$ cat coords-v2.txt   # compact mmCIF, C-alpha atoms
# COMPACT_ATOMS: atom_id res chain seq x y z
CA MET S 43 98.43 223.57 0.10
CA VAL S 44 96.62 220.82 2.01
CA LEU S 45 95.86 217.61 0.13
CA LYS S 46 92.50 216.13 0.95
CA SER S 47 92.26 212.35 1.27
CA ILE S 48 90.03 211.00 -1.46
CA SER S 49 87.84 207.97 -0.85
CA ARG S 50 87.49 204.98 -3.18
CA ARG S 51 83.89 205.95 -3.90
CA GLU S 52 84.85 209.55 -4.82
CA ILE S 53 87.49 208.32 -7.26
CA LEU S 54 85.17 205.80 -8.89
CA LYS S 55 82.38 208.37 -9.16
CA SER S 56 84.77 210.90 -10.70
CA LEU S 57 85.79 208.36 -13.33
CA GLY S 58 82.21 208.02 -14.47
CA VAL S 59 81.26 211.69 -14.56
CA GLY S 60 80.52 212.88 -18.05
CA ALA S 61 81.64 209.73 -19.83
CA PHE S 62 78.54 209.72 -21.96
CA ALA S 63 79.80 212.90 -23.60
CA GLY S 64 82.86 211.00 -24.75
CA SER S 65 85.86 209.11 -23.56
CA VAL S 66 86.59 209.12 -19.83
CA LEU S 67 90.14 210.28 -20.49
CA ARG S 68 88.90 213.54 -21.95
CA ILE S 69 87.34 214.41 -18.62
CA ILE S 70 89.06 212.38 -15.90
CA PRO S 71 92.69 212.62 -14.90
CA ALA S 72 94.81 209.63 -15.84
CA ASP S 73 95.92 209.28 -12.21
CA ALA S 74 92.33 208.53 -11.17
CA ALA S 75 92.13 205.79 -13.81
CA GLU S 76 95.50 204.51 -12.61
CA HIS S 77 94.09 204.37 -9.08
CA ALA S 78 91.16 202.25 -10.29
CA HIS S 79 93.57 199.85 -12.02
CA ARG S 80 95.64 199.68 -8.83
CA MET S 81 92.51 198.83 -6.81
CA VAL S 82 91.74 195.96 -9.19
CA MET S 83 95.34 194.67 -9.01
CA GLU S 84 95.30 194.77 -5.20
CA GLU S 85 92.02 192.84 -5.10
CA LYS S 86 93.37 190.24 -7.51
CA LYS S 87 96.52 189.89 -5.42
CA ARG S 88 94.47 189.33 -2.25
CA ALA S 89 92.26 186.78 -4.04
CA SER S 90 95.15 184.86 -5.64
CA GLY S 91 94.59 186.32 -9.10
CA ALA S 92 90.80 186.07 -9.11
CA TYR S 93 88.46 189.01 -9.56
CA ALA S 94 84.88 188.87 -8.34
CA PRO S 95 82.58 191.09 -10.43
CA LYS S 96 81.00 193.87 -8.40
CA PHE S 97 78.03 194.65 -10.64
CA PHE S 98 77.65 192.18 -13.50
CA SER S 99 76.36 188.63 -13.14
CA ALA S 100 78.81 185.83 -13.99
CA GLN S 101 77.25 185.41 -17.46
CA GLN S 102 77.23 189.15 -18.17
CA TYR S 103 80.85 189.40 -17.03
CA LYS S 104 81.84 186.65 -19.48
CA THR S 105 80.10 188.60 -22.25
CA LEU S 106 81.86 191.77 -21.12
CA GLN S 107 85.21 189.94 -21.35
CA ALA S 108 84.38 188.63 -24.84
CA LEU S 109 83.44 192.12 -26.03
CA CYS S 110 86.65 193.63 -24.62
CA GLN S 111 88.61 190.88 -26.40
CA ALA S 112 86.80 191.62 -29.68
CA ILE S 113 87.49 195.36 -29.44
CA ILE S 114 91.19 195.17 -28.46
CA PRO S 115 92.55 191.67 -28.96
CA ALA S 116 96.06 190.66 -27.95
CA ASP S 117 98.64 190.82 -30.74
CA ALA S 118 102.37 190.24 -31.21
CA GLU S 119 103.18 193.65 -29.68
CA ALA S 120 101.06 193.61 -26.54
CA GLY S 121 98.34 191.91 -24.58
CA GLY S 122 94.80 192.95 -25.33
CA ALA S 123 92.05 194.54 -23.28
CA VAL S 124 91.43 191.39 -21.23
CA GLU S 125 95.11 191.02 -20.30
CA ALA S 126 95.19 194.74 -19.42
CA GLY S 127 92.37 194.31 -16.88
CA THR S 128 89.81 196.29 -18.86
CA PRO S 129 86.82 194.08 -17.94
CA GLU S 130 87.63 194.55 -14.25
CA PHE S 131 88.08 198.30 -14.79
CA ILE S 132 84.67 198.56 -16.47
CA ASP S 133 82.95 196.43 -13.83
CA LEU S 134 84.47 198.48 -11.00
CA LEU S 135 83.33 201.77 -12.57
CA THR S 136 79.89 200.38 -13.31
CA SER S 137 79.45 199.18 -9.73
CA GLU S 138 79.57 202.81 -8.56
CA ASN S 139 77.80 204.59 -11.42
CA PRO S 140 74.01 204.26 -11.93
CA GLU S 141 74.24 205.66 -15.48
CA TYR S 142 76.71 202.93 -16.46
CA GLN S 143 74.57 200.33 -14.73
CA LEU S 144 71.64 201.31 -16.90
CA ALA S 145 73.60 201.76 -20.15
CA LEU S 146 75.87 198.72 -19.88
CA GLY S 147 73.54 196.37 -18.02
CA GLY S 148 70.72 197.24 -20.41
CA GLY S 149 73.05 197.04 -23.38
CA LEU S 150 74.23 193.54 -22.52
CA MET S 151 70.60 192.45 -22.15
CA TRP S 152 69.81 194.05 -25.52
CA LEU S 153 72.76 192.24 -27.14
CA ASP S 154 71.66 188.83 -25.88
CA SER S 155 68.04 189.51 -26.85
CA ALA S 156 69.04 190.67 -30.35
CA CYS S 157 71.18 187.54 -30.79
CA VAL S 158 68.32 185.30 -29.65
CA ASP S 159 66.01 187.01 -32.15
CA ARG S 160 68.51 186.71 -35.01
CA TYR S 161 70.34 183.46 -34.26
CA GLY S 162 68.27 181.66 -31.65
CA LYS S 163 70.92 181.91 -28.91
CA ALA S 164 72.66 184.40 -26.62
CA TYR S 165 75.77 186.27 -27.79
CA LEU S 166 78.30 183.95 -26.12
CA ASP S 167 76.62 180.87 -27.62
CA CYS S 168 76.70 182.28 -31.16
CA ALA S 169 79.28 181.19 -33.71
CA PRO S 170 82.21 183.60 -34.18
CA ALA S 171 80.82 184.71 -37.56
CA GLN S 172 77.46 185.55 -35.93
CA GLN S 173 79.19 187.47 -33.11
CA LYS S 174 81.14 189.47 -35.69
CA GLU S 175 77.99 190.14 -37.71
CA ILE S 176 76.07 191.59 -34.74
CA LEU S 177 79.07 193.67 -33.60
CA ASP S 178 79.56 195.01 -37.13
CA LEU S 179 75.89 195.99 -37.10
CA ILE S 180 76.09 197.96 -33.83
CA ALA S 181 79.58 199.40 -34.39
CA TYR S 182 78.35 202.09 -36.80
CA ARG S 183 75.87 204.85 -36.02
CA LYS S 184 74.68 204.91 -39.64
CA ASN S 185 73.15 201.45 -39.09
CA ALA S 186 70.76 202.91 -36.51
CA VAL S 187 69.50 205.33 -39.16
CA THR S 188 68.71 202.58 -41.64
CA ASP S 189 67.49 200.13 -38.96
CA PRO S 190 66.08 201.90 -35.86
CA SER S 191 65.73 198.54 -34.09
CA VAL S 192 69.50 198.54 -33.50
CA SER S 193 69.73 202.10 -32.12
CA GLN S 194 69.92 200.92 -28.49
CA GLY S 195 72.68 198.48 -29.44
CA VAL S 196 74.59 201.20 -31.29
CA GLU S 197 74.43 203.53 -28.27
CA PHE S 198 75.50 200.74 -25.92
CA PHE S 199 78.43 199.74 -28.10
CA ALA S 200 79.64 203.34 -28.46
CA VAL S 201 79.81 203.76 -24.66
CA PHE S 202 81.32 200.30 -24.21
CA ARG S 203 83.96 200.87 -26.88
CA ASN S 204 85.03 204.17 -25.24
CA LEU S 205 85.29 202.51 -21.84
CA THR S 206 87.28 199.64 -23.32
CA ALA S 207 89.75 202.03 -24.96
CA ASP S 208 90.03 204.07 -21.77
CA GLY S 209 90.54 200.99 -19.63
CA PHE S 210 93.18 199.63 -21.98
CA PHE S 211 95.17 202.82 -22.57
CA THR S 212 95.28 203.71 -18.86
CA SER S 213 96.55 200.24 -17.94
CA GLU S 214 100.20 199.29 -17.60
CA ILE S 215 99.98 197.24 -20.83
CA GLY S 216 98.30 200.07 -22.73
CA ILE S 217 100.78 202.69 -21.55
CA LYS S 218 103.70 200.48 -22.60
CA TYR S 219 101.98 199.86 -25.94
CA LEU S 220 101.79 203.61 -26.54
CA GLY S 221 105.49 203.94 -25.72
CA TYR S 222 104.76 206.64 -23.17
CA ILE S 223 107.90 207.40 -21.16
CA GLY S 224 106.48 210.09 -18.92
CA ASN S 225 107.70 213.58 -18.40
CA THR S 226 111.41 213.31 -19.08
CA PHE S 227 113.97 216.00 -19.66
CA LEU S 228 115.53 216.11 -23.11
CA LYS S 229 118.83 217.95 -23.53
CA GLU S 230 118.19 218.12 -27.24
CA PHE S 231 115.08 217.51 -29.33
CA PRO S 232 115.97 215.31 -32.31
CA GLY S 233 112.84 216.32 -34.22
CA CYS S 234 109.91 214.29 -35.42
CA PRO S 235 110.53 210.90 -36.99
CA PRO S 236 110.03 210.72 -40.76
CA VAL S 237 106.56 209.85 -41.98
CA PRO S 238 106.53 206.28 -43.33
CA SER S 239 105.71 206.06 -47.01

$ encode --input "coords-v2.txt" --output "structure tokens"
Amino acid sequence: MVLKSISRREILKSLGVGAFAGSVLRIIPADAAEHAHRMVMEEKKRASGAYAPKFFSAQQYKTLQALCQAIIPADAEAGGAVEAGTPEFIDLLTSENPEYQLALGGGLMWLDSACVDRYGKAYLDCAPAQQKEILDLIAYRKNAVTDPSVSQGVEFFAVFRNLTADGFFTSEIGIKYLGYIGNTFLKEFPGCPPVPS
């Protein structure tokens, strides 16, 4: 069997294929996501820890980071989505995928516009309670039924939440958080752990 060399663009395009049908991990091999994370880490190493967004403006990228932090914050067990490199992962995928550019770029614009209409300022300038209120509004599809004006925000947040989860759980931090040990040989299977009461 001859292995074909795969280009950066092919890998990034493959990561975005079909993601609107659901989570990237349902469609894309984990090794392709791992490759994207490795590309981000290599860039950060070359740039002394800095990452330059490929698609999003500086302001949009800050909003993207804040949203990732809100979805998967750091806790006592592990770092959150930001520490796992999820914003970089999402930006890298978006830079190569026109569907993501439209959905995420348009969604971030919608979010800021909705916040200006409701609170008189963009999402990042809102108080934490206001940020939580708007995210709670767009986090549930049922809210788009009762208030059609938030339907675009609901669709955006659904895609963004899936990408955030995929970026986190394919990262080194996310894999450690899951306790995944890889394909290891067990001489004996001790059975399932008891269900906590």

$ residues_around --input "coords-v2.txt" --residues "segment 86-93 of chain S" --least-positions-apart "5" --cutoff "10 Å" --atoms "all atoms listed in the file" --output "ChimeraX atom specification"
/S:80-81,127,129-130

$ residues_around --input "coords-v2.txt" --residues "segment 103-105 of chain S" --least-positions-apart "4" --cutoff "12 Å" --atoms "only C-alpha atoms" --output "JSON, numbers by chain"
{"S": [93, 94, 95, 96, 97, 98, 99, 109, 110, 111, 112, 124, 128, 129, 130, 131, 132, 133, 134, 136, 146, 147, 149, 150, 151, 153, 154, 164, 165, 166, 167, 168, 173, 202]}

$ axis_aligned_box --input "coords-v2.txt" --around "segment 209-225 of chain S" --padding-each-side "5 Å" --output "lines of an AutoDock Vina configuration file"
center_x = 99.2
center_y = 205.4
center_z = -22.1
size_x = 27.4
size_y = 26.3
size_z = 18.9

$ atom_distance --input "coords-v2.txt" --atom1 "atom CA of Glu175 of chain S" --atom2 "atom CA of Ala145 of chain S"
21.5 Å

$ atom_distance --input "coords-v2.txt" --atom1 "atom CA of Glu197 of chain S" --atom2 "atom CA of Arg160 of chain S"
19.1 Å

$ closest_residue --input "coords-v2.txt" --among "S:Val201, S:Ala156, S:Ala74, S:Leu228" --to "Leu179 of chain S" --atoms "only C-alpha atoms"
S:Ala156

$ atom_distance --input "coords-v2.txt" --atom1 "atom CA of Thr226 of chain S" --atom2 "atom CA of Phe210 of chain S"
23.0 Å

$ closest_residue --input "coords-v2.txt" --among "S:Leu220, S:Glu76, S:Ala169, S:Ile113" --to "Ala200 of chain S" --atoms "all atoms listed in the file"
S:Ile113

$ residues_around --input "coords-v2.txt" --residues "Trp152 of chain S" --least-positions-apart "4" --cutoff "8 Å" --atoms "all atoms listed in the file" --output "count of residues only"
4
